[in-house]
file entry_2.cif (mmCIF, C-alpha atoms)
data_upload
loop_
_atom_site.label_atom_id
_atom_site.label_comp_id
_atom_site.auth_asym_id
_atom_site.auth_seq_id
_atom_site.Cartn_x
_atom_site.Cartn_y
_atom_site.Cartn_z
CA MET Q 1 51.41 59.01 36.75
CA SER Q 2 47.61 59.18 36.73
CA ARG Q 3 47.13 58.06 33.13
CA PRO Q 4 49.16 56.22 30.48
CA GLY Q 5 50.91 58.10 27.70
CA GLY Q 6 54.20 59.67 26.70
CA PRO Q 7 56.99 60.72 29.05
CA GLU Q 8 55.05 63.88 29.89
CA VAL Q 9 52.60 61.88 32.04
CA LEU Q 10 55.37 61.44 34.62
CA GLN Q 11 54.86 64.23 37.13
CA LEU Q 12 56.90 65.17 40.20
CA VAL Q 13 54.44 65.28 43.11
CA ASP Q 14 54.94 65.95 46.82
CA VAL Q 15 53.17 63.38 49.00
CA PRO Q 16 53.44 62.64 52.74
CA ARG Q 17 56.43 60.53 53.73
CA PRO Q 18 55.27 56.94 54.25
CA THR Q 19 55.18 55.53 57.77
CA PRO Q 20 56.33 51.91 58.10
CA GLY Q 21 53.76 49.59 59.61
CA PRO Q 22 54.40 46.42 61.61
CA GLY Q 23 57.05 44.27 59.95
CA GLN Q 24 57.97 47.07 57.56
CA ALA Q 25 60.96 49.34 56.95
CA LEU Q 26 61.12 52.81 55.46
CA VAL Q 27 63.83 52.94 52.78
CA ARG Q 28 65.45 56.20 51.75
CA ALA Q 29 66.48 55.93 48.12
CA HIS Q 30 70.09 56.37 47.05
CA SER Q 31 69.85 55.27 43.40
CA ILE Q 32 66.83 54.26 41.32
CA GLY Q 33 67.19 52.05 38.27
CA VAL Q 34 65.41 52.97 35.04
CA ASN Q 35 64.15 49.98 33.07
CA MET Q 36 61.92 49.09 30.11
CA PRO Q 37 59.13 47.66 32.32
CA GLU Q 38 58.52 51.21 33.61
CA VAL Q 39 58.24 52.40 30.02
CA HIS Q 40 55.63 49.71 29.33
CA VAL Q 41 53.76 50.73 32.50
CA ARG Q 42 53.87 54.37 31.45
CA ARG Q 43 52.50 53.47 28.03
CA GLY Q 44 49.75 51.42 29.65
CA ARG Q 45 50.94 48.25 27.93
CA TYR Q 46 52.50 46.28 30.77
CA SER Q 47 51.16 42.76 31.18
CA THR Q 48 50.37 43.33 34.88
CA MET Q 49 49.51 47.02 35.10
CA PRO Q 50 49.41 48.52 38.61
CA PRO Q 51 46.27 50.44 39.59
CA LEU Q 52 46.37 54.10 38.57
CA PRO Q 53 47.40 56.59 39.80
CA THR Q 54 50.73 54.97 40.61
CA ILE Q 55 54.37 55.67 41.32
CA PRO Q 56 56.38 53.75 38.68
CA GLY Q 57 59.73 52.08 39.26
CA ILE Q 58 60.81 48.49 39.80
CA GLU Q 59 64.10 48.86 41.69
CA MET Q 60 66.08 51.06 44.04
CA SER Q 61 68.98 50.90 46.43
CA GLY Q 62 69.13 52.87 49.65
CA THR Q 63 69.34 52.85 53.42
CA ILE Q 64 66.80 52.12 56.12
CA ALA Q 65 65.48 55.36 57.59
CA ALA Q 66 62.83 54.00 59.99
CA LEU Q 67 61.54 50.67 61.27
CA GLY Q 68 58.04 49.49 62.01
CA GLU Q 69 56.95 47.53 65.04
CA GLY Q 70 58.41 44.07 65.42
CA VAL Q 71 61.30 44.37 62.96
CA ARG Q 72 64.36 42.51 64.24
CA ASP Q 73 66.23 41.54 61.06
CA PHE Q 74 67.26 45.08 60.05
CA LYS Q 75 68.50 48.19 61.81
CA LEU Q 76 68.61 51.90 60.99
CA GLY Q 77 71.21 52.75 58.37
CA ASP Q 78 71.38 49.27 56.84
CA ARG Q 79 72.13 49.28 53.12
CA VAL Q 80 69.48 47.46 51.09
CA TYR Q 81 68.21 46.72 47.61
CA LEU Q 82 64.52 46.64 46.79
CA SER Q 83 62.96 45.00 43.75
CA ALA Q 84 59.28 45.57 43.04
CA ARG Q 85 59.27 41.92 41.95
CA GLU Q 86 58.94 41.30 45.70
CA LEU Q 87 55.92 43.65 46.03
CA PRO Q 88 52.23 43.13 45.21
CA HIS Q 89 52.58 45.43 42.18
CA ARG Q 90 55.59 46.19 39.97
CA CYS Q 91 55.84 49.86 40.96
CA GLY Q 92 56.72 52.32 43.71
CA CYS Q 93 60.45 52.96 43.33
CA TYR Q 94 60.48 56.38 41.60
CA ALA Q 95 60.39 57.98 45.04
CA GLU Q 96 62.58 59.44 47.74
CA TYR Q 97 61.09 57.06 50.32
CA ILE Q 98 59.15 53.81 50.23
CA ALA Q 99 57.73 51.68 53.07
CA VAL Q 100 57.78 47.93 52.42
CA ASP Q 101 57.67 44.61 54.24
CA THR Q 102 61.23 43.69 55.21
CA ARG Q 103 60.91 40.33 53.42
CA ALA Q 104 61.10 42.36 50.18
CA LEU Q 105 64.52 43.79 51.05
CA LEU Q 106 67.91 42.38 50.11
CA PRO Q 107 70.76 43.31 52.50
CA LEU Q 108 73.78 44.60 50.62
CA PRO Q 109 77.37 43.65 51.50
CA ASP Q 110 79.71 46.58 52.15
CA ALA Q 111 81.66 45.65 49.00
CA VAL Q 112 78.62 46.29 46.78
CA ASP Q 113 78.28 49.93 45.74
CA LEU Q 114 74.79 51.39 46.23
CA GLU Q 115 74.70 52.81 42.72
CA ALA Q 116 75.76 49.49 41.21
CA ALA Q 117 73.05 47.74 43.22
CA ALA Q 118 70.42 49.83 41.44
CA ALA Q 119 71.17 47.79 38.30
CA ILE Q 120 70.55 44.35 39.81
CA SER Q 121 67.20 43.75 38.09
CA GLY Q 122 68.82 43.48 34.65
CA TYR Q 123 71.39 41.03 35.99
CA GLN Q 124 68.59 38.94 37.51
CA VAL Q 125 66.96 38.57 34.09
CA ALA Q 126 70.31 37.83 32.46
CA TRP Q 127 71.45 35.23 35.00
CA LEU Q 128 68.14 33.38 34.95
CA MET Q 129 68.12 33.28 31.16
CA LEU Q 130 71.64 31.89 31.03
CA ASN Q 131 71.03 29.34 33.77
CA ASP Q 132 67.32 28.55 34.02
CA ALA Q 133 65.80 29.24 30.60
CA THR Q 134 68.32 26.81 29.09
CA ARG Q 135 66.96 23.94 31.27
CA GLY Q 136 70.30 22.11 31.32
CA PHE Q 137 71.05 22.79 27.66
CA GLN Q 138 74.81 22.65 27.03
CA TYR Q 139 76.17 25.62 25.11
CA GLU Q 140 79.49 27.27 24.38
CA THR Q 141 78.67 30.13 22.01
CA VAL Q 142 76.17 32.85 22.92
CA LEU Q 143 74.81 35.51 20.57
CA VAL Q 144 73.41 38.55 22.42
CA THR Q 145 71.37 41.15 20.55
CA ALA Q 146 70.93 44.69 21.90
CA ALA Q 147 74.18 43.90 23.69
CA ALA Q 148 74.87 47.44 24.92
CA GLY Q 149 71.63 47.91 26.88
CA GLY Q 150 70.99 47.21 30.54
CA ILE Q 151 70.11 43.53 30.19
CA GLY Q 152 72.27 43.01 27.09
CA SER Q 153 75.40 44.28 28.82
CA ALA Q 154 74.60 42.10 31.83
CA LEU Q 155 74.28 39.07 29.54
CA VAL Q 156 77.65 39.80 27.93
CA GLN Q 157 79.39 40.12 31.31
CA LEU Q 158 77.77 37.08 32.91
CA ALA Q 159 78.27 34.81 29.90
CA HIS Q 160 81.89 35.92 29.58
CA ALA Q 161 82.45 35.31 33.31
CA ALA Q 162 81.04 31.80 32.84
CA GLY Q 163 83.63 31.07 30.16
CA LYS Q 164 81.30 31.23 27.17
CA ARG Q 165 82.25 32.65 23.78
CA VAL Q 166 80.11 35.77 23.45
CA ILE Q 167 79.12 37.42 20.18
CA ALA Q 168 77.41 40.79 20.49
CA LEU Q 169 75.00 42.27 17.97
CA THR Q 170 74.59 46.04 18.31
CA SER Q 171 73.16 49.01 16.42
CA THR Q 172 76.26 51.26 16.28
CA PRO Q 173 80.06 50.92 16.17
CA GLN Q 174 80.24 52.72 19.53
CA LYS Q 175 78.01 50.09 21.12
CA ALA Q 176 80.03 47.33 19.49
CA ALA Q 177 83.21 48.71 21.03
CA PHE Q 178 81.47 48.89 24.40
CA ALA Q 179 80.41 45.22 24.15
CA ARG Q 180 83.99 44.19 23.38
CA GLU Q 181 85.17 46.07 26.46
CA LEU Q 182 82.72 44.04 28.54
CA GLY Q 183 84.15 40.76 27.27
CA ALA Q 184 82.47 39.99 23.95
CA HIS Q 185 84.79 37.97 21.72
CA ALA Q 186 83.23 39.58 18.65
CA ALA Q 187 80.86 42.52 18.19
CA ILE Q 188 78.94 43.09 14.98
CA VAL Q 189 76.89 46.10 13.93
CA HIS Q 190 73.45 45.11 12.70
CA GLY Q 191 72.47 47.07 9.62
CA GLU Q 192 75.90 47.01 8.04
CA GLY Q 193 75.69 45.24 4.70
CA THR Q 194 77.92 42.35 5.70
CA TRP Q 195 76.61 41.72 9.23
CA LYS Q 196 75.28 38.26 8.41
CA GLU Q 197 78.59 37.22 6.84
CA LYS Q 198 80.49 38.60 9.83
CA LEU Q 199 78.23 36.69 12.17
CA GLN Q 200 78.88 33.45 10.31
CA GLU Q 201 82.60 34.16 10.39
CA ALA Q 202 82.50 34.84 14.14
CA THR Q 203 80.96 31.40 14.74
CA GLY Q 204 83.25 29.61 12.31
CA GLY Q 205 80.24 28.88 10.12
CA HIS Q 206 78.75 26.73 12.88
CA GLY Q 207 76.25 29.22 14.26
CA ALA Q 208 75.58 30.18 17.86
CA ASP Q 209 74.45 27.53 20.34
CA LEU Q 210 72.34 30.04 22.27
CA ILE Q 211 70.76 33.22 20.87
CA LEU Q 212 69.22 35.75 23.28
CA ASP Q 213 67.05 38.46 21.72
CA ALA Q 214 65.04 41.37 23.10
CA VAL Q 215 64.47 43.20 19.80
CA ALA Q 216 62.07 40.84 17.97
CA GLY Q 217 60.15 42.53 15.14
CA ALA Q 218 60.66 41.82 11.46
CA ARG Q 219 64.30 40.79 11.78
CA PHE Q 220 63.69 38.09 14.38
CA PRO Q 221 63.05 35.14 11.99
CA ALA Q 222 66.48 35.72 10.39
CA LEU Q 223 68.17 34.81 13.69
CA PHE Q 224 67.39 31.15 13.08
CA GLU Q 225 69.81 31.26 10.14
CA HIS Q 226 72.56 31.80 12.71
CA ALA Q 227 71.60 29.08 15.19
CA ALA Q 228 73.89 26.08 15.48
CA PRO Q 229 72.47 22.58 15.01
CA LEU Q 230 70.23 21.86 18.01
CA GLY Q 231 70.58 25.55 18.90
CA LEU Q 232 68.19 27.44 21.18
CA VAL Q 233 66.75 30.90 20.50
CA VAL Q 234 65.34 32.75 23.53
CA LEU Q 235 63.05 35.74 22.97
CA TYR Q 236 62.74 37.89 26.09
CA GLY Q 237 61.53 41.24 24.73
CA TYR Q 238 59.85 42.92 21.80
CA LEU Q 239 61.41 46.37 21.46
CA THR Q 240 60.31 46.65 17.83
CA GLY Q 241 57.10 44.66 18.21
CA TRP Q 242 56.20 40.99 18.17
CA PRO Q 243 57.50 39.04 15.18
CA ASP Q 244 55.08 37.51 12.71
CA SER Q 245 54.39 34.01 14.03
CA ALA Q 246 54.07 32.48 10.57
CA ALA Q 247 57.42 33.95 9.52
CA VAL Q 248 59.04 32.54 12.68
CA PHE Q 249 57.69 29.05 12.04
CA ASP Q 250 58.71 29.24 8.37
CA ALA Q 251 62.26 30.19 9.42
CA MET Q 252 62.41 27.24 11.81
CA ARG Q 253 60.93 24.87 9.25
CA ALA Q 254 63.51 26.01 6.67
CA ARG Q 255 66.20 24.72 9.05
CA PHE Q 256 64.33 21.57 10.00
CA GLY Q 257 67.49 19.49 9.67
CA HIS Q 258 69.26 21.68 12.26
CA CYS Q 259 66.49 21.09 14.85
CA PRO Q 260 66.26 24.69 16.11
CA ALA Q 261 64.31 25.44 19.30
CA LEU Q 262 62.50 28.56 20.51
CA ARG Q 263 61.72 29.65 24.06
CA LEU Q 264 59.83 32.73 25.21
CA PHE Q 265 61.18 34.03 28.53
CA SER Q 266 59.57 36.31 31.10
CA MET Q 267 60.50 37.06 34.70
CA HIS Q 268 56.84 36.50 35.54
CA VAL Q 269 57.58 32.77 35.53
CA TYR Q 270 59.16 33.42 38.98
CA ASP Q 271 56.27 35.44 40.40
CA LYS Q 272 55.45 32.58 42.78
CA ASP Q 273 59.01 31.37 43.25
CA PRO Q 274 60.76 33.74 45.69
CA ALA Q 275 63.23 31.01 46.66
CA ARG Q 276 64.67 30.87 43.14
CA ARG Q 277 64.87 34.66 43.01
CA ARG Q 278 66.85 34.60 46.25
CA VAL Q 279 69.30 32.03 44.87
CA CYS Q 280 69.83 34.29 41.88
CA ASN Q 281 70.33 37.35 44.10
CA ASP Q 282 72.90 35.56 46.28
CA VAL Q 283 74.95 34.62 43.22
CA LEU Q 284 74.77 38.15 41.82
CA LEU Q 285 75.74 39.84 45.09
CA ASP Q 286 78.80 37.60 45.27
CA LEU Q 287 79.79 38.47 41.69
CA LEU Q 288 79.26 42.19 42.32
CA ALA Q 289 81.19 42.12 45.59
CA ARG Q 290 84.14 40.39 43.93
CA GLY Q 291 84.08 42.74 40.95
CA VAL Q 292 83.46 39.92 38.47
CA VAL Q 293 80.64 41.96 36.93
CA ARG Q 294 80.20 45.71 37.03
CA PRO Q 295 77.19 47.72 35.91
CA VAL Q 296 78.18 50.59 33.63
CA ILE Q 297 76.20 53.77 34.30
CA HIS Q 298 75.31 55.71 31.16
CA ALA Q 299 73.88 58.73 32.98
CA ARG Q 300 72.64 59.90 36.37
CA LEU Q 301 69.58 62.14 36.32
CA PRO Q 302 67.64 63.82 39.14
CA LEU Q 303 64.41 62.07 40.08
CA ALA Q 304 62.56 65.17 38.85
CA GLU Q 305 63.81 64.35 35.33
CA ALA Q 306 62.29 60.88 35.13
CA ALA Q 307 60.52 61.90 31.91
CA CYS Q 308 63.88 62.79 30.36
CA ALA Q 309 65.23 59.40 31.44
CA HIS Q 310 62.37 57.69 29.62
CA GLN Q 311 63.02 59.76 26.51
CA LEU Q 312 66.67 58.70 26.62
CA LEU Q 313 65.80 55.05 27.08
CA GLU Q 314 63.33 55.09 24.21
CA SER Q 315 65.82 56.86 21.92
CA GLY Q 316 68.05 53.78 21.79
CA SER Q 317 71.12 55.86 22.64
CA VAL Q 318 71.69 54.47 26.14
CA ILE Q 319 74.83 52.39 26.63
CA GLY Q 320 74.62 50.56 29.92
CA LYS Q 321 72.28 51.69 32.68
CA LEU Q 322 70.32 54.84 33.54
CA VAL Q 323 69.80 55.78 37.19
CA LEU Q 324 67.74 58.44 38.93
CA GLU Q 325 69.01 60.24 42.01
CA PRO Q 326 66.54 61.67 44.56
#

call {"tool": "encode", "arguments": {"input": "entry_2.cif", "output": "structure tokens"}}
result
Amino acid sequence: MSRPGGPEVLQLVDVPRPTPGPGQALVRAHSIGVNMPEVHVRRGRYSTMPPLPTIPGIEMSGTIAALGEGVRDFKLGDRVYLSARELPHRCGCYAEYIAVDTRALLPLPDAVDLEAAAAISGYQVAWLMLNDATRGFQYETVLVTAAAGGIGSALVQLAHAAGKRVIALTSTPQKAAFARELGAHAAIVHGEGTWKEKLQEATGGHGADLILDAVAGARFPALFEHAAPLGLVVLYGYLTGWPDSAAVFDAMRARFGHCPALRLFSMHVYDKDPARRRVCNDVLLDLLARGVVRPVIHARLPLAEAACAHQLLESGSVIGKLVLEP
């Protein structure tokens, strides 16, 4: 992409195959994850925009096709995962090949499928929210909004695997059924006239200890009505825009006696903490290898149809994860 805009700004372009320099490896892509950060980059609204023109994409899985001088920790054919969170700019993965420093690569166990590995970024966000954003907060009940998306479905699976009671909030009955299949104890369709009553019933009238939301917008303040006493609400996205700050504070003040808390969460908090990212990755690889969690692929599209993938993601119809195949 040479300029921001709609999906049409994504163009398939032939460029020379990169040559790995000293300490680098050339990775041949197998599967490329499609995520909302790429949509924000394409729109020109990402908080840390890469220089244009750029190749978007924050994650891929693949195999090592060539090695630069001095590389001893990898060999040709090794299976790896690459996150652009380990690169100077959050971009570069919508490509058949990419040359990167080997410190940015995560070796993949044989038990981890290459296609499944292309969904790791969403699980990183989910695991860190459940374990780090809570800062030792003790919780049993988790409410996940947008529970059928890439990060939402990862949250449902990881929270369920940790023994938490998971309540999913979705936009359609189909997505609600999907969330239940992933381990949600209850799944409620937002927009149905009785969704608030059903949510109260699902928590036994107590509310959810932890609420994780990526939707924001006008409905966000109402989530505080469903927080348990001393509950924590984590906002990690703004799919429908930022909520009105005055309305948020008013909603919290209205439940002053319940002592609700709010945290904003962004992966950028780990930009200078590669060690913590590695800890997260080790845990996730173990869970993937043992089949405790499993990314669900909504659709596989050719790399040439990246614009179509963005249209799908923005339509709200995706259940699970989208991947591109070179």

call {"tool": "closest_residue", "arguments": {"input": "entry_2.cif", "among": "Q:Lys175, Q:Arg278, Q:Arg255, Q:His268", "to": "Ser153 in chain Q", "atoms": "all atoms listed in the file"}}
result
Q:Lys175

call {"tool": "resolve_selection", "arguments": {"input": "entry_2.cif", "expression": "the PyMOL selection byres ((chain Q and resi 184) around 12)", "output": "MDAnalysis selection string"}}
result
chainID Q and resid 141:145 147:148 152:161 163:170 175:183 185:188 202

call {"tool": "closest_residue", "arguments": {"input": "entry_2.cif", "among": "Q:Gly62, Q:Pro7, Q:Pro326, Q:Gly291", "to": "Leu303 in chain Q", "atoms": "all atoms listed in the file"}}
result
Q:Pro326

call {"tool": "resolve_selection", "arguments": {"input": "entry_2.cif", "expression": "the PyMOL selection byres ((chain Q and resi 32) around 9)", "output": "PDB file with C-alpha atoms, in the frame of the given file"}}
result
ATOM      1  CA  ALA Q  29      66.480  55.930  48.120  1.00  0.00           C
ATOM      2  CA  HIS Q  30      70.090  56.370  47.050  1.00  0.00           C
ATOM      3  CA  SER Q  31      69.850  55.270  43.400  1.00  0.00           C
ATOM      4  CA  GLY Q  33      67.190  52.050  38.270  1.00  0.00           C
ATOM      5  CA  VAL Q  34      65.410  52.970  35.040  1.00  0.00           C
ATOM      6  CA  GLY Q  57      59.730  52.080  39.260  1.00  0.00           C
ATOM      7  CA  ILE Q  58      60.810  48.490  39.800  1.00  0.00           C
ATOM      8  CA  GLU Q  59      64.100  48.860  41.690  1.00  0.00           C
ATOM      9  CA  MET Q  60      66.080  51.060  44.040  1.00  0.00           C
ATOM     10  CA  SER Q  61      68.980  50.900  46.430  1.00  0.00           C
ATOM     11  CA  GLY Q  62      69.130  52.870  49.650  1.00  0.00           C
ATOM     12  CA  CYS Q  93      60.450  52.960  43.330  1.00  0.00           C
ATOM     13  CA  TYR Q  94      60.480  56.380  41.600  1.00  0.00           C
ATOM     14  CA  ALA Q  95      60.390  57.980  45.040  1.00  0.00           C
ATOM     15  CA  GLU Q 115      74.700  52.810  42.720  1.00  0.00           C
ATOM     16  CA  ALA Q 118      70.420  49.830  41.440  1.00  0.00           C
ATOM     17  CA  ALA Q 119      71.170  47.790  38.300  1.00  0.00           C
ATOM     18  CA  LEU Q 303      64.410  62.070  40.080  1.00  0.00           C
ATOM     19  CA  LEU Q 322      70.320  54.840  33.540  1.00  0.00           C
ATOM     20  CA  VAL Q 323      69.800  55.780  37.190  1.00  0.00           C
ATOM     21  CA  LEU Q 324      67.740  58.440  38.930  1.00  0.00           C
ATOM     22  CA  GLU Q 325      69.010  60.240  42.010  1.00  0.00           C
ATOM     23  CA  PRO Q 326      66.540  61.670  44.560  1.00  0.00           C
TER      24      PRO Q 326
END

call {"tool": "residues_around", "arguments": {"input": "entry_2.cif", "residues": "Gly5 in chain Q", "least_positions_apart": "4", "cutoff": "8 Å", "atoms": "all atoms listed in the file", "output": "PyMOL selection string"}}
result
chain Q and resi 9+42-44

call {"tool": "write_last_selection", "arguments": {"input": "entry_2.cif", "atoms": "C-alpha atoms", "output": "PDB file, in the frame of the given file"}}
result
ATOM      1  CA  VAL Q   9      52.600  61.880  32.040  1.00  0.00           C
ATOM      2  CA  ARG Q  42      53.870  54.370  31.450  1.00  0.00           C
ATOM      3  CA  ARG Q  43      52.500  53.470  28.030  1.00  0.00           C
ATOM      4  CA  GLY Q  44      49.750  51.420  29.650  1.00  0.00           C
TER       5      GLY Q  44
END

call {"tool": "resolve_selection", "arguments": {"input": "entry_2.cif", "expression": "the PyMOL selection byres ((chain Q and resi 40) around 12)", "output": "PyMOL selection string"}}
result
chain Q and resi 4-7+34-39+41-50+56-58+90-91+237-239+310+313-314

call {"tool": "closest_residue", "arguments": {"input": "entry_2.cif", "among": "Q:Ile319, Q:Ile98, Q:Ala247, Q:Leu199", "to": "Ala228 in chain Q", "atoms": "all atoms listed in the file"}}
result
Q:Leu199

call {"tool": "atom_distance", "arguments": {"input": "entry_2.cif", "atom1": "CA of Gly320 in chain Q", "atom2": "CA of Gly217 in chain Q"}}
result
22.2 Å

call {"tool": "closest_residue", "arguments": {"input": "entry_2.cif", "among": "Q:Asp209, Q:Asp273, Q:Asp110, Q:Asp244", "to": "Phe224 in chain Q", "atoms": "only C-alpha atoms"}}
result
Q:Asp209

call {"tool": "atom_distance", "arguments": {"input": "entry_2.cif", "atom1": "CA of Ile55 in chain Q", "atom2": "CA of Ser2 in chain Q"}}
result
8.9 Å

call {"tool": "atom_distance", "arguments": {"input": "entry_2.cif", "atom1": "CA of Glu225 in chain Q", "atom2": "CA of Ser266 in chain Q"}}
result
23.9 Å

call {"tool": "residues_around", "arguments": {"input": "entry_2.cif", "residues": "Phe137 in chain Q", "least_positions_apart": "4", "cutoff": "9 Å", "atoms": "all atoms listed in the file", "output": "list in words"}}
result
Asn131, Ala133 and Leu232 of chain Q

call {"tool": "closest_residue", "arguments": {"input": "entry_2.cif", "among": "Q:Ala99, Q:His258, Q:Glu69, Q:Glu305", "to": "Gln11 in chain Q", "atoms": "only C-alpha atoms"}}
result
Q:Glu305

call {"tool": "closest_residue", "arguments": {"input": "entry_2.cif", "among": "Q:Ile64, Q:Thr102, Q:Asp73, Q:Leu87", "to": "Gly21 in chain Q", "atoms": "all atoms listed in the file"}}
result
Q:Thr102

call {"tool": "decode", "arguments": {"input": "entry_2.cif", "residues": "range 111-163 of chain Q", "atoms": "C-alpha atoms", "output": "tab-separated table (two decimals), in the first residue's frame"}}
result
chain	number	residue	atom	x	y	z
Q	111	ALA	CA	3.04	-30.67	17.15
Q	112	VAL	CA	2.02	-27.09	16.27
Q	113	ASP	CA	0.34	-26.82	12.88
Q	114	LEU	CA	1.71	-24.05	10.64
Q	115	GLU	CA	-1.74	-22.72	9.86
Q	116	ALA	CA	-2.70	-22.65	13.53
Q	117	ALA	CA	0.52	-20.79	14.30
Q	118	ALA	CA	-0.60	-17.95	12.05
Q	119	ALA	CA	-3.21	-17.10	14.70
Q	120	ILE	CA	-0.80	-16.72	17.62
Q	121	SER	CA	-0.97	-12.91	17.79
Q	122	GLY	CA	-4.59	-12.94	18.98
Q	123	TYR	CA	-3.74	-15.51	21.65
Q	124	GLN	CA	-0.85	-13.33	22.81
Q	125	VAL	CA	-3.22	-10.42	23.40
Q	126	ALA	CA	-5.75	-12.69	25.10
Q	127	TRP	CA	-3.26	-14.43	27.41
Q	128	LEU	CA	-1.64	-11.18	28.50
Q	129	MET	CA	-5.01	-9.61	29.25
Q	130	LEU	CA	-6.10	-12.57	31.34
Q	131	ASN	CA	-2.80	-12.81	33.20
Q	132	ASP	CA	-1.02	-9.44	33.14
Q	133	ALA	CA	-3.69	-6.77	32.74
Q	134	THR	CA	-5.39	-8.13	35.86
Q	135	ARG	CA	-2.24	-7.42	37.97
Q	136	GLY	CA	-2.99	-10.23	40.43
Q	137	PHE	CA	-6.72	-9.52	40.55
Q	138	GLN	CA	-8.64	-12.64	41.59
Q	139	TYR	CA	-11.58	-13.47	39.34
Q	140	GLU	CA	-13.86	-16.39	38.58
Q	141	THR	CA	-16.37	-15.05	36.06
Q	142	VAL	CA	-15.28	-13.50	32.76
Q	143	LEU	CA	-17.52	-11.65	30.31
Q	144	VAL	CA	-16.08	-11.52	26.78
Q	145	THR	CA	-17.63	-9.24	24.16
Q	146	ALA	CA	-17.10	-9.84	20.43
Q	147	ALA	CA	-16.50	-13.41	21.57
Q	148	ALA	CA	-16.51	-14.97	18.10
Q	149	GLY	CA	-13.66	-12.90	16.63
Q	150	GLY	CA	-9.97	-13.72	16.54
Q	151	ILE	CA	-9.07	-12.31	19.96
Q	152	GLY	CA	-12.53	-12.94	21.44
Q	153	SER	CA	-12.44	-16.64	20.59
Q	154	ALA	CA	-8.91	-16.86	22.01
Q	155	LEU	CA	-10.13	-15.26	25.25
Q	156	VAL	CA	-12.99	-17.75	25.52
Q	157	GLN	CA	-10.68	-20.73	25.01
Q	158	LEU	CA	-7.91	-19.53	27.32
Q	159	ALA	CA	-10.26	-18.48	30.12
Q	160	HIS	CA	-12.14	-21.77	29.88
Q	161	ALA	CA	-8.86	-23.71	29.95
Q	162	ALA	CA	-7.91	-21.80	33.10
Q	163	GLY	CA	-11.10	-22.97	34.81
